[in-house]
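Visitor: Sharing a structure below in C-alpha cells format, with a few things to ask.
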Amino acid sequence: MIVIHIITENEKQIARIGEWLLREKLVHESVDIDYQDSWKLVDGALVKYSTFKLSARTKALLFMAIEAGLTTQYGERGWCLYSTPVLNMDKENQTALINATVRV
C-alpha cells in the first residue's frame with residue numbers, strides 16, 4: 001500500500017483529479033487536498049507560487065494505472081505524481097482499502 005501525492009498549480013484540475021480517482025475506485029475513500037506555498041529559483045531569484053497537493057491511500061499496483069490516466073487526461077505537464085509507502089496499517093482500514101479499490 002502507498003499514499004499517492006499529486007501536485008499541480010491548478011486548483012480546479014486537482015479537484016477533478018480527486019473526483020476521477022474516487023469514481024474509478026483507484027484510491028480509498030479519503031482524498032485530501034491541501035494548498036501550499038512553494039518556491040523555485042528562476043534566473044537566480046526565489047519566486048513564490050501556489051500549489052495544490054492531493055494525497056490519497058491506494059494499492060501500490062495501481063500506481064501505473066493512475067499515472068497512465070493522468071497522462072491521458074492532462075498530458076505530461078502540469079502535474080507531479082509520486083508515492084510514499086505505507087509500512088503498517090490497522091487491519092480494519094487495510095481491509096477497507098482493499099475492498100474499496102479496483103481489483104488488480
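Please note that chains go A, B, ... in the order of the C-alpha cells, that every chain numbers its residues from 1, and that ligands are numbered from 1 in the order shown.
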Just asking: which residues within chain A are strand (DSSP E or B) according to DSSP, as a compact mmCIF listing (two decimals) with C-alpha atoms, in the first residue's frame?
Guide:
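What follows is the written file selection.txt:
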# COMPACT_ATOMS: atom_id res chain seq x y z
CA ILE A 2 1.05 3.55 -0.72
CA VAL A 3 -0.04 7.13 -0.33
CA ILE A 4 -0.02 8.88 -3.69
CA HIS A 5 0.73 12.59 -3.87
CA ILE A 6 -0.23 14.71 -6.86
CA ILE A 7 0.90 18.33 -7.05
CA THR A 8 -0.37 20.95 -9.51
CA VAL A 31 -8.77 12.24 -0.71
CA ASP A 32 -7.07 15.19 1.00
CA ILE A 33 -6.29 18.38 -0.92
CA ASP A 34 -4.01 20.98 0.64
CA TYR A 35 -2.95 24.43 -0.51
CA GLN A 36 0.74 25.16 -0.10
CA ASP A 37 3.17 27.94 -0.90
CA SER A 38 6.14 26.75 -2.93
CA TRP A 39 9.37 28.34 -4.02
CA LYS A 40 11.56 27.91 -7.08
CA LEU A 41 14.73 29.50 -8.35
CA VAL A 42 14.23 31.50 -11.58
CA ALA A 45 15.87 34.81 -7.84
CA LEU A 46 13.49 33.00 -5.50
CA VAL A 47 9.94 33.05 -6.82
CA LYS A 48 6.94 32.14 -4.66
CA TYR A 49 3.99 30.37 -6.25
CA SER A 50 0.91 28.45 -5.10
CA THR A 51 0.41 24.71 -5.49
CA PHE A 52 -2.26 22.22 -4.53
CA LYS A 53 -1.36 18.77 -3.23
CA LEU A 54 -3.70 15.80 -3.30
CA SER A 55 -2.92 12.81 -1.07
CA ALA A 56 -4.79 9.50 -1.04
CA ARG A 57 -4.23 5.90 0.02
CA THR A 58 -4.21 3.16 -2.60
CA CYS A 80 3.70 15.82 -10.46
CA LEU A 81 2.90 12.33 -9.15
CA TYR A 82 4.86 10.38 -6.56
CA SER A 83 4.15 7.98 -3.72
CA THR A 84 5.28 7.09 -0.24
CA PRO A 85 4.99 3.59 1.18
Visitor: If we count only C-alpha atoms, what is near Tyr74 of chain A at a cut-off of 12 Å, once residues fewer than 2 positions away on the same chain are taken out, given as number ranges by chain?
Guide: A: 8, 10, 13-14, 16-17, 66-72, 76-80
Visitor: Under the rule of at most 7 Å, produce a per-residue listing of segment 3-65 of chain A near segment 100-104 of chain A: chain, number, name, the closest pair of atoms, and the distance in Å, as JSON lines, using only C-alpha atoms.
Guide:
{"residue": "A:Lys25", "atom": "CA", "partner": "A:Thr101", "partner_atom": "CA", "distance": 4.7}
{"residue": "A:Leu26", "atom": "CA", "partner": "A:Thr101", "partner_atom": "CA", "distance": 5.5}
{"residue": "A:Val27", "atom": "CA", "partner": "A:Thr101", "partner_atom": "CA", "distance": 5.9}
{"residue": "A:His28", "atom": "CA", "partner": "A:Ala100", "partner_atom": "CA", "distance": 5.9}
{"residue": "A:Leu61", "atom": "CA", "partner": "A:Val104", "partner_atom": "CA", "distance": 6.8}
Visitor: Can you write out the residues you just picked, keeping N, CA and C atoms, as a PDB file, in the first residue's frame?
Guide:
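Wrote selection-v1.pdb, looks like this:
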ATOM      1  N   LYS A  25     -12.448   4.266  -8.527  1.00  0.00           N
ATOM      2  CA  LYS A  25     -12.037   3.402  -7.420  1.00  0.00           C
ATOM      3  C   LYS A  25     -10.536   3.093  -7.460  1.00  0.00           C
ATOM      4  N   LEU A  26      -9.763   4.116  -7.802  1.00  0.00           N
ATOM      5  CA  LEU A  26      -8.309   3.975  -7.834  1.00  0.00           C
ATOM      6  C   LEU A  26      -7.678   4.322  -6.494  1.00  0.00           C
ATOM      7  N   VAL A  27      -8.450   4.936  -5.616  1.00  0.00           N
ATOM      8  CA  VAL A  27      -7.981   5.269  -4.271  1.00  0.00           C
ATOM      9  C   VAL A  27      -9.073   4.922  -3.269  1.00  0.00           C
ATOM     10  N   HIS A  28      -8.674   4.885  -1.994  1.00  0.00           N
ATOM     11  CA  HIS A  28      -9.640   4.663  -0.924  1.00  0.00           C
ATOM     12  C   HIS A  28     -10.481   5.931  -0.740  1.00  0.00           C
ATOM     13  N   LEU A  61       0.049  -1.446  -6.658  1.00  0.00           N
ATOM     14  CA  LEU A  61      -0.129  -1.959  -8.017  1.00  0.00           C
ATOM     15  C   LEU A  61      -0.981  -1.040  -8.897  1.00  0.00           C
TER      16      LEU A  61
END
Visitor: Point out the residue among A:Met1, A:Ala65, A:Ala60, A:Ile98 with the least atom-to-atom distance to Glu24 of chain A, counting only C-alpha atoms.
Guide: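 Ranked by minimum distance to Glu24 of chain A, first place goes to A:Ala65.
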Visitor: Give me, as number ranges by chain, the residues of chain A that a backbone DSSP run labels helix (DSSP H, G or I).
Guide: A: 11-23, 60-74, 91-100
Visitor: Go ahead and dump the residues you just picked, N, CA and C atoms, as a tab-separated table (two decimals), in the first residue's frame.
Guide:
chain	number	residue	atom	x	y	z
A	11	GLU	N	-6.00	24.67	-9.18
A	11	GLU	CA	-6.94	24.20	-8.15
A	11	GLU	C	-8.10	23.40	-8.74
A	12	LYS	N	-8.65	23.85	-9.87
A	12	LYS	CA	-9.75	23.11	-10.49
A	12	LYS	C	-9.29	21.74	-10.99
A	13	GLN	N	-8.09	21.69	-11.53
A	13	GLN	CA	-7.55	20.43	-12.02
A	13	GLN	C	-7.39	19.42	-10.89
A	14	ILE	N	-6.88	19.85	-9.75
A	14	ILE	CA	-6.66	18.91	-8.64
A	14	ILE	C	-8.00	18.39	-8.11
A	15	ALA	N	-9.03	19.22	-8.12
A	15	ALA	CA	-10.36	18.76	-7.70
A	15	ALA	C	-10.91	17.73	-8.68
A	16	ARG	N	-10.73	17.96	-9.98
A	16	ARG	CA	-11.20	16.99	-10.99
A	16	ARG	C	-10.43	15.69	-10.88
A	17	ILE	N	-9.14	15.77	-10.61
A	17	ILE	CA	-8.32	14.56	-10.44
A	17	ILE	C	-8.83	13.76	-9.23
A	18	GLY	N	-9.10	14.43	-8.13
A	18	GLY	CA	-9.61	13.75	-6.95
A	18	GLY	C	-10.93	13.05	-7.22
A	19	GLU	N	-11.82	13.72	-7.92
A	19	GLU	CA	-13.11	13.12	-8.27
A	19	GLU	C	-12.91	11.90	-9.17
A	20	TRP	N	-12.04	12.01	-10.16
A	20	TRP	CA	-11.76	10.90	-11.07
A	20	TRP	C	-11.19	9.70	-10.30
A	21	LEU	N	-10.25	9.93	-9.41
A	21	LEU	CA	-9.65	8.84	-8.64
A	21	LEU	C	-10.70	8.10	-7.82
A	22	LEU	N	-11.61	8.84	-7.21
A	22	LEU	CA	-12.67	8.22	-6.41
A	22	LEU	C	-13.68	7.48	-7.27
A	23	ARG	N	-14.13	8.10	-8.36
A	23	ARG	CA	-15.13	7.45	-9.23
A	23	ARG	C	-14.60	6.16	-9.86
A	60	ALA	N	-0.29	-0.22	-4.19
A	60	ALA	CA	0.91	0.08	-4.98
A	60	ALA	C	0.76	-0.35	-6.43
A	61	LEU	N	0.05	-1.45	-6.66
A	61	LEU	CA	-0.13	-1.96	-8.02
A	61	LEU	C	-0.98	-1.04	-8.90
A	62	LEU	N	-1.66	-0.06	-8.30
A	62	LEU	CA	-2.47	0.87	-9.09
A	62	LEU	C	-1.71	2.13	-9.51
A	63	PHE	N	-0.47	2.28	-9.06
A	63	PHE	CA	0.30	3.49	-9.37
A	63	PHE	C	0.41	3.72	-10.87
A	64	MET	N	0.75	2.69	-11.62
A	64	MET	CA	0.93	2.85	-13.07
A	64	MET	C	-0.39	3.19	-13.77
A	65	ALA	N	-1.50	2.64	-13.29
A	65	ALA	CA	-2.81	2.96	-13.87
A	65	ALA	C	-3.16	4.42	-13.60
A	66	ILE	N	-2.85	4.90	-12.41
A	66	ILE	CA	-3.10	6.29	-12.07
A	66	ILE	C	-2.25	7.21	-12.94
A	67	GLU	N	-0.98	6.87	-13.08
A	67	GLU	CA	-0.09	7.68	-13.93
A	67	GLU	C	-0.57	7.70	-15.37
A	68	ALA	N	-0.98	6.55	-15.90
A	68	ALA	CA	-1.47	6.48	-17.28
A	68	ALA	C	-2.73	7.31	-17.45
A	69	GLY	N	-3.64	7.25	-16.49
A	69	GLY	CA	-4.86	8.04	-16.56
A	69	GLY	C	-4.59	9.53	-16.52
A	70	LEU	N	-3.68	9.95	-15.66
A	70	LEU	CA	-3.31	11.37	-15.59
A	70	LEU	C	-2.70	11.84	-16.91
A	71	THR	N	-1.84	11.02	-17.49
A	71	THR	CA	-1.21	11.38	-18.76
A	71	THR	C	-2.24	11.48	-19.87
A	72	THR	N	-3.19	10.55	-19.90
A	72	THR	CA	-4.24	10.57	-20.91
A	72	THR	C	-5.12	11.80	-20.78
A	73	GLN	N	-5.50	12.14	-19.56
A	73	GLN	CA	-6.43	13.25	-19.34
A	73	GLN	C	-5.77	14.63	-19.34
A	74	TYR	N	-4.53	14.71	-18.86
A	74	TYR	CA	-3.92	16.02	-18.65
A	74	TYR	C	-2.58	16.20	-19.35
A	91	LYS	N	-5.79	-3.26	10.73
A	91	LYS	CA	-6.48	-4.28	9.93
A	91	LYS	C	-7.79	-3.75	9.34
A	92	GLU	N	-8.55	-3.00	10.11
A	92	GLU	CA	-9.85	-2.50	9.63
A	92	GLU	C	-9.68	-1.60	8.41
A	93	ASN	N	-8.75	-0.65	8.48
A	93	ASN	CA	-8.53	0.26	7.35
A	93	ASN	C	-7.86	-0.45	6.18
A	94	GLN	N	-7.01	-1.41	6.47
A	94	GLN	CA	-6.38	-2.19	5.41
A	94	GLN	C	-7.44	-2.95	4.61
A	95	THR	N	-8.34	-3.60	5.30
A	95	THR	CA	-9.41	-4.35	4.64
A	95	THR	C	-10.32	-3.41	3.85
A	96	ALA	N	-10.63	-2.25	4.42
A	96	ALA	CA	-11.48	-1.27	3.73
A	96	ALA	C	-10.81	-0.80	2.45
A	97	LEU	N	-9.52	-0.51	2.48
A	97	LEU	CA	-8.80	-0.07	1.29
A	97	LEU	C	-8.81	-1.15	0.22
A	98	ILE	N	-8.54	-2.38	0.61
A	98	ILE	CA	-8.53	-3.49	-0.36
A	98	ILE	C	-9.90	-3.65	-1.00
A	99	ASN	N	-10.96	-3.57	-0.21
A	99	ASN	CA	-12.31	-3.77	-0.74
A	99	ASN	C	-12.85	-2.57	-1.52
A	100	ALA	N	-12.35	-1.38	-1.22
A	100	ALA	CA	-12.89	-0.17	-1.85
A	100	ALA	C	-12.25	0.16	-3.19
